[in-house]
Amino acid sequence: MIEVNNLIKTYGRSSKPAADHISFTALPGEITVLLGPNGAGKSTTIKSIANLLNYKGEIKICGYPNKSIEAKQRFGYIPEVPMLYDLLTVDETTEFIARAYRLKDYKETREKYMELFELKEHRQKLAKELSKGMKQKLSMLLALLIRPQALLVDEPMVGLDPASIEAVLKLLVEMKQEDVSVLISTHIIDVVDEIWDCAYIMDHGKIVRRVRRGEEREESLKDIFFETTQGDKREEDA
């Protein structure tokens with residue numbers, strides 16, 4: 001479970017918080033989606049959950065403060081821009097993460113995702129030599145290697161081909177079925193339209209609407225989003 005309670009984040013001397021008393025929960029066994037137009041505070045919220053920003057409020061991962069070791073052991077994060085070690089090969093990168101997390105019996109899991117993400121033939125390449133799509137796939141592999149109980153995915157489809165997108169969507173559904181809490185931040189609403197269970201829509205630093213699948217008659221998530229944000233079809237933030 002990912003729990004955000006009364007999150008407040010203000011940058012510099014600004015009097016207006018980028019995240020203004022944000023509270024929501026991504027439940028186990030569900031795919032939760034966070035949406036918001038440009039400047040809504042979505043990126044600030046994501047980075048706060050991942051413990052990349054200082055903030056006020058409380059964020060818990062599986063019942064533990066997100067800054068704790070216990071939370072980090074249970075939490076997988078796939079950022080929009082992969083954060084890799086350029087001078088390590090794919091194999092060396094996975095070994096480094098396995099040792100850092102003191103993982104045991106991880107090799108079967110690694111090979112499973114090597115196959116799924118078509119990384120086997122690239123395993124001796126340096127991270128900096130990989131294409132944008134392959135870097136994204138390696139980033140996903142690293143987050144999944146620890147077998148997380150809570151997974152945060154920021155723009156998961158960036159740089160992926162259609163076949164890979166379908167594979168990732170199937171994987172996220174499988175993780176949901178294994179009772180993992182999956183939280184996705186994306187601006188491509190159509191991509192997640194078939195798999196989401198709960199959606200939180202942000203605007204001007206606040207959660208302005210919570211939607212559960214099946215509660216809004218026949219409206220699509222995209223229609224609900226544009227209706228909630230007053231028809232503003234600006235490009236959403238990454």
# chains A, B, ... in the order shown; residues from 1 in each chain; ligands from 1
call {"tool": "closest_atom_pairs", "arguments": {"of": "range 11-40 of chain A", "to": "range 142-152 of chain A", "cutoff": "12 Å", "atoms": "only C-alpha atoms", "output": "tab-separated table"}}
result
residue	atom	partner	partner_atom	distance
A:Thr25	CA	A:Ala150	CA	11.4
A:Ala26	CA	A:Ala150	CA	8.7
A:Leu27	CA	A:Ala150	CA	9.0
A:Pro28	CA	A:Ala150	CA	7.7
A:Gly29	CA	A:Gln149	CA	9.8
A:Glu30	CA	A:Ala150	CA	10.4
A:Ile31	CA	A:Leu151	CA	9.7
A:Thr32	CA	A:Leu152	CA	9.6
A:Val33	CA	A:Leu152	CA	10.0
A:Leu34	CA	A:Leu152	CA	10.4
call {"tool": "closest_atom_pairs", "arguments": {"of": "range 184-203 of chain A", "to": "range 77-90 of chain A", "cutoff": "10 Å", "atoms": "only C-alpha atoms", "output": "Markdown table"}}
result
| residue | atom | partner | partner_atom | distance |
| --- | --- | --- | --- | --- |
| A:Ile184 | CA | A:Ile78 | CA | 9.6 |
| A:Ser185 | CA | A:Glu80 | CA | 9.3 |
| A:Thr186 | CA | A:Glu80 | CA | 9.4 |
call {"tool": "closest_residue", "arguments": {"among": "A:Pro17, A:Gly57, A:Gly133, A:Gly205", "to": "Gly39 in chain A", "atoms": "only C-alpha atoms"}}
result
A:Gly205
call {"tool": "residues_around", "arguments": {"residues": "range 193-202 of chain A", "least_positions_apart": "2", "cutoff": "6 Å", "atoms": "only C-alpha atoms", "output": "list in words"}}
result
Glu30, Ile31, Thr32, Val33, Leu34, Leu35, Gly36, Ala40, Asp190, Val191, Lys206, Ile207, Val208, Arg209, Arg210, Val211, Arg212 and Arg213 of chain A
call {"tool": "select_by_dssp", "arguments": {"residues": "range 19-229 of chain A", "states": "strand (DSSP E or B)", "output": "count of residues only"}}
result
52
call {"tool": "closest_residue", "arguments": {"among": "A:Lys125, A:Lys72, A:Lys222, A:Lys120", "to": "Ala100 in chain A", "atoms": "only C-alpha atoms"}}
result
A:Lys72
call {"tool": "closest_residue", "arguments": {"among": "A:Ser23, A:Asn38, A:Asn5, A:Thr44", "to": "Glu58 in chain A", "atoms": "only C-alpha atoms"}}
result
A:Asn5
call {"tool": "residues_around", "arguments": {"residues": "His122 in chain A", "least_positions_apart": "5", "cutoff": "10 Å", "atoms": "only C-alpha atoms", "output": "CSV table (one decimal) with all heavy atoms, in the first residue's frame"}}
result
chain,number,residue,atom,x,y,z
A,89,THR,N,27.7,-2.6,-17.2
A,89,THR,CA,26.9,-3.3,-18.2
A,89,THR,C,25.5,-3.6,-17.6
A,89,THR,O,25.3,-3.4,-16.4
A,89,THR,CB,27.6,-4.6,-18.6
A,89,THR,OG1,27.7,-5.5,-17.4
A,89,THR,CG2,29.0,-4.4,-19.1
A,90,VAL,N,24.7,-4.2,-18.4
A,90,VAL,CA,23.3,-4.6,-18.0
A,90,VAL,C,23.5,-5.6,-16.9
A,90,VAL,O,22.8,-5.5,-15.8
A,90,VAL,CB,22.5,-5.2,-19.1
A,90,VAL,CG1,21.2,-5.8,-18.6
A,90,VAL,CG2,22.2,-4.1,-20.1
A,91,ASP,N,24.3,-6.6,-17.1
A,91,ASP,CA,24.5,-7.7,-16.0
A,91,ASP,C,25.1,-7.1,-14.8
A,91,ASP,O,24.7,-7.4,-13.7
A,91,ASP,CB,25.5,-8.7,-16.6
A,91,ASP,CG,24.7,-9.9,-17.2
A,91,ASP,OD1,23.5,-9.9,-17.0
A,91,ASP,OD2,25.4,-10.8,-17.8
A,114,MET,N,14.6,-10.4,-18.0
A,114,MET,CA,15.6,-10.2,-19.2
A,114,MET,C,14.9,-10.7,-20.5
A,114,MET,O,15.0,-10.1,-21.5
A,114,MET,CB,16.8,-11.1,-18.9
A,114,MET,CG,17.8,-10.4,-18.0
A,114,MET,SD,18.9,-9.2,-18.9
A,114,MET,CE,20.2,-9.0,-17.6
A,127,ALA,N,25.4,0.6,-20.0
A,127,ALA,CA,24.1,1.3,-19.9
A,127,ALA,C,24.0,2.4,-20.9
A,127,ALA,O,23.0,2.7,-21.5
A,127,ALA,CB,23.8,1.7,-18.5
A,129,GLU,N,25.2,2.7,-23.7
A,129,GLU,CA,25.2,2.3,-25.1
A,129,GLU,C,23.8,1.8,-25.5
A,129,GLU,O,23.5,1.5,-26.6
A,129,GLU,CB,26.2,1.1,-25.3
A,129,GLU,CG,27.6,1.5,-25.1
A,129,GLU,CD,28.6,0.3,-25.2
A,129,GLU,OE1,28.1,-0.9,-24.9
A,129,GLU,OE2,29.7,0.5,-25.5
A,130,LEU,N,22.9,1.7,-24.5
A,130,LEU,CA,21.5,1.2,-24.8
A,130,LEU,C,20.7,2.3,-25.4
A,130,LEU,O,20.9,3.5,-25.2
A,130,LEU,CB,20.9,0.8,-23.5
A,130,LEU,CG,21.5,-0.4,-22.7
A,130,LEU,CD1,20.8,-0.6,-21.4
A,130,LEU,CD2,21.5,-1.7,-23.6
A,134,MET,N,15.5,0.6,-24.5
A,134,MET,CA,16.2,-0.4,-23.7
A,134,MET,C,16.6,0.1,-22.3
A,134,MET,O,16.6,-0.6,-21.3
A,134,MET,CB,17.4,-0.9,-24.5
A,134,MET,CG,17.1,-1.8,-25.6
A,134,MET,SD,16.3,-3.3,-25.1
A,134,MET,CE,15.8,-4.0,-26.7
call {"tool": "closest_residue", "arguments": {"among": "A:Gly76, A:Val4, A:Tyr101, A:Phe24", "to": "Lys56 in chain A", "atoms": "only C-alpha atoms"}}
result
A:Val4
call {"tool": "closest_residue", "arguments": {"among": "A:Ser131, A:Thr10, A:Ser181, A:Ser139", "to": "Arg74 in chain A", "atoms": "only C-alpha atoms"}}
result
A:Ser181
